[in-house]
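Structure, as structure tokens:
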Amino acid sequence: MKNILALDGGGIRGIIPAMVLVALEEKLQKQTMDPNARIASYFDFIAGTSSGGILTSILLYPEEGNPSHPKFLPGMR
């Protein structure tokens with residue numbers, strides 16, 4: 001079984017999936033007790049259109065020292 005994350009677009013409405021991703025990653029980190037847990041590590045395929053594509057790019061951008069690990073947290077401020 002494969003886990004797929006599909007993010008839709010919609011211009012400014014892209015803020016809604018972004019906020020859902022922030023909440024999802026925070027819950028994931030609490031459940032796993034791993035502050036470095038990333039959403040991208042739990043999905044086999046991530047795709048998006050429009051603003052969802054931008055969010056996908058952010059989720060999958062690699063860390064410099066560890067290219068198999070995503071760099072950014074959706075909730076980074």
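Naming scheme: A, B, ... for chains in displayed order of the structure tokens; residues 1 onward per chain; ligands 1 onward as shown.
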
**Message:** Using only C-alpha atoms, which protein or nucleic acid residues come within 12 Å of stretch 13-22 of chain A? Drop anything in the same chain fewer than 5 positions from it, and give the result as a PyMOL selection string.
**Reply:** chain A and resi 5-8+27-29+38-40+48-56+58-59+72-77

**Asked** Pick the closest to A:Ile46 from A:Glu25, A:Met33, A:Ser68, A:Leu60: which is it, counting only C-alpha atoms?
**Response**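 Smallest separation from A:Ile46 among the options: A:Leu60.
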